>>> print(open('query_34.pdb').read())   # PDB, C-alpha atoms and all ligand atoms
ATOM      1  CA  HIS A   1      27.837  92.503  91.519
ATOM      2  CA  TYR A   2      29.763  89.495  90.189
ATOM      3  CA  GLN A   3      33.532  89.747  90.447
ATOM      4  CA  GLY A   4      34.285  86.442  88.806
ATOM      5  CA  ILE A   5      32.923  83.621  86.669
ATOM      6  CA  ILE A   6      33.674  79.909  87.009
ATOM      7  CA  PHE A   7      33.104  77.978  83.799
ATOM      8  CA  ASP A   8      32.528  74.301  83.435
ATOM      9  CA  LEU A   9      34.733  73.093  80.561
ATOM     10  CA  ASP A  10      33.077  70.206  78.674
ATOM     11  CA  GLY A  11      29.887  71.448  77.016
ATOM     12  CA  VAL A  12      30.509  75.085  77.973
ATOM     13  CA  ILE A  13      33.906  76.219  76.682
ATOM     14  CA  CYS A  14      34.247  73.387  74.173
ATOM     15  CA  HIS A  15      32.463  70.228  73.058
ATOM     16  CA  THR A  16      33.982  66.869  73.896
ATOM     17  CA  ASP A  17      30.709  64.949  74.136
ATOM     18  CA  ALA A  18      31.183  63.096  70.857
ATOM     19  CA  TYR A  19      34.683  61.974  71.896
ATOM     20  CA  HIS A  20      33.438  60.763  75.283
ATOM     21  CA  TYR A  21      30.695  58.872  73.462
ATOM     22  CA  LEU A  22      33.067  57.190  70.987
ATOM     23  CA  ALA A  23      35.519  56.200  73.714
ATOM     24  CA  TRP A  24      32.854  54.757  76.035
ATOM     25  CA  LYS A  25      31.216  53.035  73.058
ATOM     26  CA  LYS A  26      34.478  51.305  72.157
ATOM     27  CA  LEU A  27      34.845  50.024  75.725
ATOM     28  CA  ALA A  28      31.183  49.028  75.993
ATOM     29  CA  ASP A  29      31.339  47.112  72.677
ATOM     30  CA  ARG A  30      34.418  45.260  73.845
ATOM     31  CA  LEU A  31      32.650  44.281  77.080
ATOM     32  CA  GLY A  32      29.420  43.435  75.240
ATOM     33  CA  VAL A  33      27.458  46.079  77.155
ATOM     34  CA  TYR A  34      24.667  48.088  75.545
ATOM     35  CA  PHE A  35      25.498  51.798  75.301
ATOM     36  CA  ASP A  36      23.885  54.635  73.362
ATOM     37  CA  LYS A  37      23.787  58.439  73.151
ATOM     38  CA  GLN A  38      20.951  58.679  75.676
ATOM     39  CA  ILE A  39      23.084  56.911  78.246
ATOM     40  CA  ASN A  40      26.008  59.145  77.260
ATOM     41  CA  ASN A  41      23.883  62.206  78.095
ATOM     42  CA  ARG A  42      23.516  60.921  81.653
ATOM     43  CA  LEU A  43      27.298  61.079  82.063
ATOM     44  CA  ARG A  44      27.503  64.864  81.766
ATOM     45  CA  GLY A  45      29.325  66.557  84.596
ATOM     46  CA  ILE A  46      29.997  63.425  86.615
ATOM     47  CA  SER A  47      33.343  61.734  87.187
ATOM     48  CA  ARG A  48      34.901  59.003  85.069
ATOM     49  CA  MET A  49      34.361  56.251  87.661
ATOM     50  CA  GLU A  50      30.744  57.275  88.278
ATOM     51  CA  SER A  51      30.220  57.282  84.513
ATOM     52  CA  LEU A  52      31.583  53.744  84.306
ATOM     53  CA  ASP A  53      29.195  52.600  87.047
ATOM     54  CA  ILE A  54      26.260  53.958  85.023
ATOM     55  CA  ILE A  55      27.483  52.145  81.894
ATOM     56  CA  LEU A  56      27.932  48.883  83.801
ATOM     57  CA  GLU A  57      24.305  49.038  84.988
ATOM     58  CA  ASN A  58      23.650  47.252  81.668
ATOM     59  CA  SER A  59      26.233  44.561  82.260
ATOM     60  CA  LYS A  60      25.395  41.037  83.338
ATOM     61  CA  ASN A  61      28.813  40.674  84.933
ATOM     62  CA  VAL A  62      29.991  41.952  88.272
ATOM     63  CA  TYR A  63      33.493  43.411  88.176
ATOM     64  CA  THR A  64      36.040  44.021  90.898
ATOM     65  CA  ASP A  65      37.284  47.523  91.694
ATOM     66  CA  ALA A  66      40.635  46.640  90.102
ATOM     67  CA  GLU A  67      38.898  45.606  86.862
ATOM     68  CA  LYS A  68      36.795  48.774  86.888
ATOM     69  CA  HIS A  69      39.901  50.915  87.259
ATOM     70  CA  GLU A  70      41.410  49.148  84.261
ATOM     71  CA  PHE A  71      38.249  49.774  82.217
ATOM     72  CA  ALA A  72      38.266  53.458  83.149
ATOM     73  CA  GLU A  73      41.933  53.664  82.180
ATOM     74  CA  GLU A  74      41.219  51.919  78.859
ATOM     75  CA  LYS A  75      38.390  54.334  78.078
ATOM     76  CA  ASN A  76      40.647  57.244  78.907
ATOM     77  CA  GLU A  77      43.286  55.983  76.488
ATOM     78  CA  TYR A  78      40.701  55.864  73.672
ATOM     79  CA  TYR A  79      39.498  59.326  74.705
ATOM     80  CA  ARG A  80      43.000  60.829  74.765
ATOM     81  CA  GLN A  81      43.652  59.434  71.271
ATOM     82  CA  LEU A  82      40.596  61.359  70.098
ATOM     83  CA  LEU A  83      41.504  64.571  71.934
ATOM     84  CA  VAL A  84      44.744  64.800  69.932
ATOM     85  CA  GLN A  85      42.714  66.131  67.009
ATOM     86  CA  MET A  86      41.409  69.096  69.012
ATOM     87  CA  SER A  87      42.915  72.468  68.148
ATOM     88  CA  PRO A  88      42.197  76.188  68.616
ATOM     89  CA  ALA A  89      39.642  75.722  65.810
ATOM     90  CA  ASP A  90      37.482  73.921  68.414
ATOM     91  CA  LEU A  91      37.130  77.162  70.359
ATOM     92  CA  SER A  92      34.272  79.155  68.873
ATOM     93  CA  ALA A  93      34.759  82.827  68.078
ATOM     94  CA  ASP A  94      31.704  83.608  70.208
ATOM     95  CA  VAL A  95      33.242  81.977  73.290
ATOM     96  CA  LYS A  96      36.720  83.446  72.722
ATOM     97  CA  ASN A  97      35.442  86.999  72.118
ATOM     98  CA  THR A  98      33.193  86.852  75.162
ATOM     99  CA  LEU A  99      36.033  85.631  77.391
ATOM    100  CA  ASP A 100      38.294  88.414  76.075
ATOM    101  CA  ILE A 101      35.686  91.084  76.796
ATOM    102  CA  LEU A 102      34.933  89.730  80.268
ATOM    103  CA  ARG A 103      38.609  89.767  81.094
ATOM    104  CA  LYS A 104      39.009  93.302  79.743
ATOM    105  CA  ILE A 105      36.266  94.598  82.022
ATOM    106  CA  GLY A 106      38.081  93.120  85.042
ATOM    107  CA  CYS A 107      36.093  89.953  85.608
ATOM    108  CA  LYS A 108      38.170  87.087  87.057
ATOM    109  CA  LEU A 109      37.821  83.879  85.058
ATOM    110  CA  ALA A 110      38.195  80.291  86.277
ATOM    111  CA  ILE A 111      37.545  76.733  85.158
ATOM    112  CA  GLY A 112      35.771  74.247  87.460
ATOM    113  CA  SER A 113      35.710  70.866  85.718
ATOM    114  CA  SER A 114      35.176  67.256  86.824
ATOM    115  CA  SER A 115      37.563  66.122  84.097
ATOM    116  CA  LYS A 116      41.077  64.920  84.778
ATOM    117  CA  ASN A 117      41.871  65.882  81.181
ATOM    118  CA  ALA A 118      40.828  69.524  81.606
ATOM    119  CA  ARG A 119      44.332  71.021  81.465
ATOM    120  CA  TYR A 120      45.200  68.987  78.376
ATOM    121  CA  ILE A 121      41.993  70.068  76.616
ATOM    122  CA  LEU A 122      42.633  73.727  77.514
ATOM    123  CA  GLU A 123      46.101  73.419  75.981
ATOM    124  CA  ARG A 124      44.738  71.802  72.806
ATOM    125  CA  ILE A 125      42.244  74.634  72.241
ATOM    126  CA  GLY A 126      44.815  77.345  72.949
ATOM    127  CA  LEU A 127      43.657  78.359  76.439
ATOM    128  CA  GLY A 128      46.498  76.703  78.345
ATOM    129  CA  HIS A 129      47.523  79.858  80.185
ATOM    130  CA  TYR A 130      44.356  81.881  79.860
ATOM    131  CA  PHE A 131      42.403  81.447  83.100
ATOM    132  CA  ASP A 132      43.116  82.995  86.508
ATOM    133  CA  ALA A 133      42.452  79.591  88.102
ATOM    134  CA  VAL A 134      41.869  76.052  86.863
ATOM    135  CA  VAL A 135      40.449  73.403  89.196
ATOM    136  CA  ASP A 136      39.860  69.947  87.717
ATOM    137  CA  GLY A 137      39.043  66.356  88.574
ATOM    138  CA  ASN A 138      42.587  65.687  89.824
ATOM    139  CA  GLU A 139      42.188  68.071  92.726
ATOM    140  CA  ILE A 140      38.863  67.118  94.227
ATOM    141  CA  GLN A 141      37.545  64.320  96.420
ATOM    142  CA  HIS A 142      33.882  64.734  95.542
ATOM    143  CA  SER A 143      32.534  65.237  92.040
ATOM    144  CA  LYS A 144      29.580  67.427  91.032
ATOM    145  CA  PRO A 145      26.820  67.694  92.321
ATOM    146  CA  ASP A 146      29.128  68.244  95.300
ATOM    147  CA  PRO A 147      30.224  71.917  95.255
ATOM    148  CA  GLU A 148      33.904  71.169  96.036
ATOM    149  CA  VAL A 149      35.295  71.998  92.584
ATOM    150  CA  PHE A 150      33.575  75.400  92.462
ATOM    151  CA  LEU A 151      34.398  76.296  96.075
ATOM    152  CA  LEU A 152      38.068  75.586  95.438
ATOM    153  CA  ALA A 153      38.002  77.660  92.239
ATOM    154  CA  ALA A 154      36.364  80.605  94.053
ATOM    155  CA  GLN A 155      38.953  80.329  96.820
ATOM    156  CA  ARG A 156      41.752  80.437  94.209
ATOM    157  CA  LEU A 157      40.192  83.546  92.699
ATOM    158  CA  GLY A 158      39.868  85.060  96.174
ATOM    159  CA  ILE A 159      36.157  85.705  95.660
ATOM    160  CA  VAL A 160      33.239  84.592  97.864
ATOM    161  CA  SER A 161      30.627  82.324  96.257
ATOM    162  CA  SER A 162      27.917  84.961  96.386
ATOM    163  CA  SER A 163      30.048  87.218  94.134
ATOM    164  CA  CYS A 164      30.836  84.461  91.632
ATOM    165  CA  LEU A 165      28.694  83.180  88.776
ATOM    166  CA  VAL A 166      28.940  79.548  87.634
ATOM    167  CA  VAL A 167      28.269  78.636  83.988
ATOM    168  CA  GLU A 168      27.149  75.051  83.456
ATOM    169  CA  ASP A 169      25.581  72.737  80.864
ATOM    170  CA  ALA A 170      24.830  69.819  83.224
ATOM    171  CA  ALA A 171      22.168  69.361  85.875
ATOM    172  CA  ALA A 172      24.799  67.990  88.277
ATOM    173  CA  GLY A 173      26.825  71.168  87.794
ATOM    174  CA  ILE A 174      23.905  73.525  88.415
ATOM    175  CA  GLU A 175      23.128  71.614  91.599
ATOM    176  CA  ALA A 176      26.794  71.855  92.673
ATOM    177  CA  ALA A 177      26.748  75.615  92.100
ATOM    178  CA  VAL A 178      23.569  76.175  94.093
ATOM    179  CA  ARG A 179      24.807  73.970  96.932
ATOM    180  CA  GLY A 180      28.020  76.040  97.037
ATOM    181  CA  GLY A 181      26.117  79.325  97.336
ATOM    182  CA  PHE A 182      26.718  80.441  93.742
ATOM    183  CA  ASP A 183      24.276  81.834  91.224
ATOM    184  CA  ALA A 184      24.227  79.646  88.134
ATOM    185  CA  ALA A 185      23.790  80.319  84.430
ATOM    186  CA  GLY A 186      22.582  77.284  82.503
ATOM    187  CA  LEU A 187      23.175  76.588  78.847
ATOM    188  CA  GLY A 188      22.618  73.595  76.591
ATOM    189  CA  ASP A 189      20.915  70.803  78.538
ATOM    190  CA  ALA A 190      20.894  72.879  81.724
ATOM    191  CA  ARG A 191      19.371  75.973  80.112
ATOM    192  CA  VAL A 192      15.907  74.930  81.263
ATOM    193  CA  SER A 193      17.030  74.058  84.793
ATOM    194  CA  PRO A 194      14.697  75.679  87.336
ATOM    195  CA  PHE A 195      17.709  76.044  89.636
ATOM    196  CA  ALA A 196      19.633  78.271  87.234
ATOM    197  CA  LYS A 197      19.223  82.015  87.760
ATOM    198  CA  TYR A 198      20.064  82.781  84.124
ATOM    199  CA  HIS A 199      19.179  80.817  81.023
ATOM    200  CA  LEU A 200      21.661  81.460  78.256
ATOM    201  CA  ILE A 201      20.796  81.123  74.621
ATOM    202  CA  GLN A 202      24.036  82.734  73.520
ATOM    203  CA  PHE A 203      27.353  82.803  75.316
ATOM    204  CA  ASP A 204      27.791  86.570  74.939
ATOM    205  CA  GLU A 205      24.737  87.207  77.145
ATOM    206  CA  LEU A 206      27.253  86.816  79.983
ATOM    207  CA  ILE A 207      28.623  90.262  79.169
ATOM    208  CA  ASP A 208      25.249  91.892  79.888
ATOM    209  CA  ILE A 209      24.903  89.905  83.102
ATOM    210  CA  ILE A 210      28.312  91.028  84.345
ATOM    211  CA  THR A 211      27.938  94.663  83.315
ATOM    212  CA  GLY A 212      24.449  94.689  84.832
ATOM    213  CA  ASN A 213      22.552  95.650  81.679
TER     214      ASN A 213
HETATM  215  C1  LIG B 301      33.099  66.096  82.691
HETATM  216  C2  LIG B 301      32.233  65.498  81.610
HETATM  217  O1  LIG B 301      33.504  67.369  82.324
HETATM  218  O2  LIG B 301      34.234  65.273  82.927
HETATM  219  C3  LIG B 301      31.866  64.079  81.998
HETATM  220  O3  LIG B 301      31.058  66.274  81.451
HETATM  221  C4  LIG B 301      33.120  63.261  82.267
HETATM  222  O4  LIG B 301      31.108  63.498  80.963
HETATM  223  C5  LIG B 301      33.948  63.953  83.345
HETATM  224  O5  LIG B 301      32.768  61.950  82.708
HETATM  225  C6  LIG B 301      35.258  63.228  83.660
HETATM  226  O6  LIG B 301      36.108  63.322  82.548
HETATM  227  P1  LIG B 301      37.531  62.661  82.417
HETATM  228  O7  LIG B 301      38.170  63.458  81.296
HETATM  229  O8  LIG B 301      38.254  62.854  83.720
HETATM  230  O9  LIG B 301      37.340  61.234  82.096
HETATM  231 MG    MG B 302      29.730  70.112  81.229
END
>>> encode(input="query_34.pdb", output="C-alpha cells")
Amino acid sequence: HYQGIIFDLDGVICHTDAYHYLAWKKLADRLGVYFDKQINNRLRGISRMESLDIILENSKNVYTDAEKHEFAEEKNEYYRQLLVQMSPADLSADVKNTLDILRKIGCKLAIGSSSKNARYILERIGLGHYFDAVVDGNEIQHSKPDPEVFLLAAQRLGIVSSSCLVVEDAAAGIEAAVRGGFDAAGLGDARVSPFAKYHLIQFDELIDIITGN
C-alpha cells in the first residue's frame, strides 16, 4: 500500500558520520571544548545550529549568536573539505540495487534530509539526478523531530503521508515521521526504536515491504 519512500540521507543512503565528527572535533579543539564520538552520536538528524548548541554545552564561555554562526560556518568549511573525497564508491551496491529495483516497480523515491549539504553529497555519490524529490535543510524552518521535511517531500511526490514510508537511522527522524503521519522503517541506531513499524537489518528488506511479501 506504499506508493513512495522518503529516505533520510546521512546514515541511510551514505555514511558521513565520520566526516561530521572530524569537522566538529577540529572546531571543538580550537575552542578548547571537550567533544567525543558519544556526543557526536547525539547530533544525528538534527540541524547544524542545534548540533553546535549541544557541543557548546561543554563550553565555559557564552557566545553571541553572531559568533555561533561563525563557528557553524567554520565547521561546515572543514566538513566540505572532507566531503570532496566522497565518490560513487561511497554508495554501497546493496543500497544502489535496492533503489533501482524500487524505482523499477513504480515506487516514488525522495530524500528528506536536515542537511544543507544534501544536494552536494548526492552529486558526489552519483545520485545527483536520481530522486523524484529532494527536500533538505535549506528548505525547512523546523528541523527533525518536526515533520516539516517529510511533509514537504510527500507533497512534492504528490503522495499522502499514510501512503509513504520513511526510512531513518536517527531517533529524531523516526519521531518526525510518526508526527507527520508516516510509517517509519528504522535502521542503524533507530532500528530498535519502538516507534518504527519496521526494523531493517538489511536495506533490501524494503523491497519485500513495498511488494507486500
Ligand atoms: C543530518 C545529520 O543529516 O544533517 C546531522 O544527521 C547534521 O548530524 C545535519 O547535523 C545538518 O547537516 P549540515 O550538512 O547542514 O551541517
Ligand atoms: Mg540520518
>>> closest_residue(input="query_34.pdb", among="A:Pro147, A:Gly180, A:Gly11, A:Gly186", to="ligand MG 302 (chain B)", atoms="all atoms listed in the file")
A:Gly11
>>> residues_around(input="query_34.pdb", residues="Tyr19 in chain A", least_positions_apart="3", cutoff="7 Å", atoms="all atoms listed in the file", output="ChimeraX atom specification")
/A:16,22-23,79,82
>>> atom_distance(input="query_34.pdb", atom1="CA of Ile5 in chain A", atom2="CA of Ser114 in chain A")
16.5 Å
>>> resolve_selection(input="query_34.pdb", expression="the PyMOL selection byres (((not hetatm)) within 9 of (chain B and resi 301))", output="MDAnalysis selection string")
chainID A and resid 8:11 16:17 20:21 40:52 72:73 75:76 79:80 112:118 121 136:138 143 169:170
>>> closest_residue(input="query_34.pdb", among="A:Phe7, A:Trp24, A:Phe182, A:Tyr120", to="ligand MG 302 (chain B)", atoms="only C-alpha atoms and all ligand atoms")
A:Phe7
>>> closest_atom_pairs(input="query_34.pdb", of="range 139-213 of chain A", to="range 99-102 of chain A", cutoff="10 Å", atoms="all atoms listed in the file", output="JSON lines")
{"residue": "A:Phe203", "atom": "CA", "partner": "A:Leu99", "partner_atom": "CA", "distance": 9.4}
{"residue": "A:Asp204", "atom": "CA", "partner": "A:Leu99", "partner_atom": "CA", "distance": 8.7}
{"residue": "A:Leu206", "atom": "CA", "partner": "A:Leu102", "partner_atom": "CA", "distance": 8.2}
{"residue": "A:Ile207", "atom": "CA", "partner": "A:Leu102", "partner_atom": "CA", "distance": 6.4}
{"residue": "A:Asp208", "atom": "CA", "partner": "A:Leu102", "partner_atom": "CA", "distance": 9.9}
{"residue": "A:Ile210", "atom": "CA", "partner": "A:Leu102", "partner_atom": "CA", "distance": 7.9}
{"residue": "A:Thr211", "atom": "CA", "partner": "A:Leu102", "partner_atom": "CA", "distance": 9.1}
>>> closest_residue(input="query_34.pdb", among="A:Ala66, A:Ile13, A:Ile125, A:Ile54", to="Gln85 in chain A", atoms="only C-alpha atoms")
A:Ile125
>>> closest_residue(input="query_34.pdb", among="A:Ile111, A:Asn61, A:Phe35, A:Asp146", to="ligand MG 302 (chain B)", atoms="all atoms listed in the file")
A:Ile111
>>> closest_residue(input="query_34.pdb", among="A:Leu109, A:Ala153, A:Ala190, A:Val160", to="ligand MG 302 (chain B)", atoms="only C-alpha atoms and all ligand atoms")
A:Ala190
>>> atom_distance(input="query_34.pdb", atom1="CA of Glu77 in chain A", atom2="CA of Leu27 in chain A")
10.4 Å
>>> axis_aligned_box(input="query_34.pdb", around="range 1-10 of chain A", padding_each_side="8 Å", output="JSON")
{"center_x": 31.3, "center_y": 81.4, "center_z": 85.1, "size_x": 22.9, "size_y": 38.3, "size_z": 28.8}
>>> atom_distance(input="query_34.pdb", atom1="CA of Ala110 in chain A", atom2="CA of Glu168 in chain A")
12.5 Å
>>> closest_residue(input="query_34.pdb", among="A:Phe195, A:Lys37, A:Val12, A:Leu187", to="ligand MG 302 (chain B)", atoms="all atoms listed in the file")
A:Val12
>>> residues_around(input="query_34.pdb", residues="Cys14 in chain A", least_positions_apart="6", cutoff="8 Å", atoms="all atoms listed in the file", output="JSON, numbers by chain")
{"A": [90, 91, 92]}
>>> residues_near_point(input="query_34.pdb", point="(44.4, 74.2, 85.4)", cutoff="6 Å", atoms="all atoms listed in the file", output="list in words")
Arg119, Val134 and Val135 of chain A
>>> resolve_selection(input="query_34.pdb", expression="the PyMOL selection byres (((chain A and resi 34) around 10) and not hetatm)", output="MDAnalysis selection string")
chainID A and resid 25 28:29 31:33 35:36 39 55:59
>>> resolve_selection(input="query_34.pdb", expression="the PyMOL selection byres (((chain A and resi 124) around 8) and not hetatm)", output="list in words")
Leu83, Val84, Met86, Ser87, Pro88, Tyr120, Ile121, Leu122, Glu123, Ile125, Gly126, Leu127 and Gly128 of chain A
>>> build_atoms(input="query_34.pdb", residues="range 52-86 of chain A", atoms="N, CA and C atoms", output="PDB file, keeping the file's coordinate frame")
ATOM      1  N   LEU A  52      31.409  55.177  84.555  1.00  0.00           N
ATOM      2  CA  LEU A  52      31.583  53.744  84.306  1.00  0.00           C
ATOM      3  C   LEU A  52      30.511  52.935  85.041  1.00  0.00           C
ATOM      4  N   ASP A  53      30.228  53.314  86.283  1.00  0.00           N
ATOM      5  CA  ASP A  53      29.195  52.600  87.047  1.00  0.00           C
ATOM      6  C   ASP A  53      27.840  52.669  86.340  1.00  0.00           C
ATOM      7  N   ILE A  54      27.532  53.821  85.757  1.00  0.00           N
ATOM      8  CA  ILE A  54      26.260  53.958  85.023  1.00  0.00           C
ATOM      9  C   ILE A  54      26.264  53.033  83.801  1.00  0.00           C
ATOM     10  N   ILE A  55      27.383  53.002  83.080  1.00  0.00           N
ATOM     11  CA  ILE A  55      27.483  52.145  81.894  1.00  0.00           C
ATOM     12  C   ILE A  55      27.353  50.670  82.272  1.00  0.00           C
ATOM     13  N   LEU A  56      27.955  50.298  83.391  1.00  0.00           N
ATOM     14  CA  LEU A  56      27.932  48.883  83.801  1.00  0.00           C
ATOM     15  C   LEU A  56      26.590  48.460  84.401  1.00  0.00           C
ATOM     16  N   GLU A  57      25.671  49.418  84.573  1.00  0.00           N
ATOM     17  CA  GLU A  57      24.305  49.038  84.988  1.00  0.00           C
ATOM     18  C   GLU A  57      23.710  48.049  83.977  1.00  0.00           C
ATOM     19  N   ASN A  58      24.160  48.131  82.719  1.00  0.00           N
ATOM     20  CA  ASN A  58      23.650  47.252  81.668  1.00  0.00           C
ATOM     21  C   ASN A  58      24.468  45.984  81.488  1.00  0.00           C
ATOM     22  N   SER A  59      25.393  45.749  82.384  1.00  0.00           N
ATOM     23  CA  SER A  59      26.233  44.561  82.260  1.00  0.00           C
ATOM     24  C   SER A  59      25.696  43.414  83.109  1.00  0.00           C
ATOM     25  N   LYS A  60      25.827  42.218  82.576  1.00  0.00           N
ATOM     26  CA  LYS A  60      25.395  41.037  83.338  1.00  0.00           C
ATOM     27  C   LYS A  60      26.473  40.613  84.326  1.00  0.00           C
ATOM     28  N   ASN A  61      27.689  41.074  84.076  1.00  0.00           N
ATOM     29  CA  ASN A  61      28.813  40.674  84.933  1.00  0.00           C
ATOM     30  C   ASN A  61      29.001  41.638  86.095  1.00  0.00           C
ATOM     31  N   VAL A  62      29.588  41.104  87.145  1.00  0.00           N
ATOM     32  CA  VAL A  62      29.991  41.952  88.272  1.00  0.00           C
ATOM     33  C   VAL A  62      31.507  42.020  88.249  1.00  0.00           C
ATOM     34  N   TYR A  63      32.037  43.237  88.274  1.00  0.00           N
ATOM     35  CA  TYR A  63      33.493  43.411  88.176  1.00  0.00           C
ATOM     36  C   TYR A  63      34.083  43.901  89.490  1.00  0.00           C
ATOM     37  N   THR A  64      35.335  43.551  89.694  1.00  0.00           N
ATOM     38  CA  THR A  64      36.040  44.021  90.898  1.00  0.00           C
ATOM     39  C   THR A  64      36.454  45.481  90.693  1.00  0.00           C
ATOM     40  N   ASP A  65      36.819  46.137  91.786  1.00  0.00           N
ATOM     41  CA  ASP A  65      37.284  47.523  91.694  1.00  0.00           C
ATOM     42  C   ASP A  65      38.523  47.626  90.805  1.00  0.00           C
ATOM     43  N   ALA A  66      39.410  46.620  90.914  1.00  0.00           N
ATOM     44  CA  ALA A  66      40.635  46.640  90.102  1.00  0.00           C
ATOM     45  C   ALA A  66      40.285  46.573  88.615  1.00  0.00           C
ATOM     46  N   GLU A  67      39.325  45.709  88.264  1.00  0.00           N
ATOM     47  CA  GLU A  67      38.898  45.606  86.862  1.00  0.00           C
ATOM     48  C   GLU A  67      38.270  46.926  86.392  1.00  0.00           C
ATOM     49  N   LYS A  68      37.454  47.512  87.264  1.00  0.00           N
ATOM     50  CA  LYS A  68      36.795  48.774  86.888  1.00  0.00           C
ATOM     51  C   LYS A  68      37.818  49.885  86.658  1.00  0.00           C
ATOM     52  N   HIS A  69      38.859  49.902  87.482  1.00  0.00           N
ATOM     53  CA  HIS A  69      39.901  50.915  87.259  1.00  0.00           C
ATOM     54  C   HIS A  69      40.599  50.696  85.923  1.00  0.00           C
ATOM     55  N   GLU A  70      40.805  49.435  85.567  1.00  0.00           N
ATOM     56  CA  GLU A  70      41.410  49.148  84.261  1.00  0.00           C
ATOM     57  C   GLU A  70      40.501  49.590  83.112  1.00  0.00           C
ATOM     58  N   PHE A  71      39.197  49.356  83.264  1.00  0.00           N
ATOM     59  CA  PHE A  71      38.249  49.774  82.217  1.00  0.00           C
ATOM     60  C   PHE A  71      38.255  51.297  82.060  1.00  0.00           C
ATOM     61  N   ALA A  72      38.268  51.985  83.192  1.00  0.00           N
ATOM     62  CA  ALA A  72      38.266  53.458  83.149  1.00  0.00           C
ATOM     63  C   ALA A  72      39.542  53.970  82.480  1.00  0.00           C
ATOM     64  N   GLU A  73      40.641  53.304  82.772  1.00  0.00           N
ATOM     65  CA  GLU A  73      41.933  53.664  82.180  1.00  0.00           C
ATOM     66  C   GLU A  73      41.908  53.406  80.667  1.00  0.00           C
ATOM     67  N   GLU A  74      41.323  52.269  80.280  1.00  0.00           N
ATOM     68  CA  GLU A  74      41.219  51.919  78.859  1.00  0.00           C
ATOM     69  C   GLU A  74      40.380  52.961  78.108  1.00  0.00           C
ATOM     70  N   LYS A  75      39.238  53.297  78.703  1.00  0.00           N
ATOM     71  CA  LYS A  75      38.390  54.334  78.078  1.00  0.00           C
ATOM     72  C   LYS A  75      39.164  55.632  77.930  1.00  0.00           C
ATOM     73  N   ASN A  76      39.914  55.980  78.965  1.00  0.00           N
ATOM     74  CA  ASN A  76      40.647  57.244  78.907  1.00  0.00           C
ATOM     75  C   ASN A  76      41.713  57.231  77.820  1.00  0.00           C
ATOM     76  N   GLU A  77      42.304  56.067  77.577  1.00  0.00           N
ATOM     77  CA  GLU A  77      43.286  55.983  76.488  1.00  0.00           C
ATOM     78  C   GLU A  77      42.616  56.221  75.137  1.00  0.00           C
ATOM     79  N   TYR A  78      41.451  55.621  74.922  1.00  0.00           N
ATOM     80  CA  TYR A  78      40.701  55.864  73.672  1.00  0.00           C
ATOM     81  C   TYR A  78      40.361  57.356  73.560  1.00  0.00           C
ATOM     82  N   TYR A  79      39.923  57.911  74.679  1.00  0.00           N
ATOM     83  CA  TYR A  79      39.498  59.326  74.705  1.00  0.00           C
ATOM     84  C   TYR A  79      40.672  60.250  74.375  1.00  0.00           C
ATOM     85  N   ARG A  80      41.823  59.976  75.009  1.00  0.00           N
ATOM     86  CA  ARG A  80      43.000  60.829  74.765  1.00  0.00           C
ATOM     87  C   ARG A  80      43.445  60.754  73.305  1.00  0.00           C
ATOM     88  N   GLN A  81      43.295  59.566  72.698  1.00  0.00           N
ATOM     89  CA  GLN A  81      43.652  59.434  71.271  1.00  0.00           C
ATOM     90  C   GLN A  81      42.759  60.331  70.412  1.00  0.00           C
ATOM     91  N   LEU A  82      41.523  60.508  70.845  1.00  0.00           N
ATOM     92  CA  LEU A  82      40.596  61.359  70.098  1.00  0.00           C
ATOM     93  C   LEU A  82      40.867  62.845  70.353  1.00  0.00           C
ATOM     94  N   LEU A  83      41.260  63.163  71.582  1.00  0.00           N
ATOM     95  CA  LEU A  83      41.504  64.571  71.934  1.00  0.00           C
ATOM     96  C   LEU A  83      42.677  65.176  71.171  1.00  0.00           C
ATOM     97  N   VAL A  84      43.581  64.316  70.675  1.00  0.00           N
ATOM     98  CA  VAL A  84      44.744  64.800  69.932  1.00  0.00           C
ATOM     99  C   VAL A  84      44.319  65.678  68.752  1.00  0.00           C
ATOM    100  N   GLN A  85      43.146  65.364  68.176  1.00  0.00           N
ATOM    101  CA  GLN A  85      42.714  66.131  67.009  1.00  0.00           C
ATOM    102  C   GLN A  85      42.112  67.490  67.366  1.00  0.00           C
ATOM    103  N   MET A  86      41.956  67.782  68.640  1.00  0.00           N
ATOM    104  CA  MET A  86      41.409  69.096  69.012  1.00  0.00           C
ATOM    105  C   MET A  86      42.470  70.172  68.794  1.00  0.00           C
TER     106      MET A  86
END
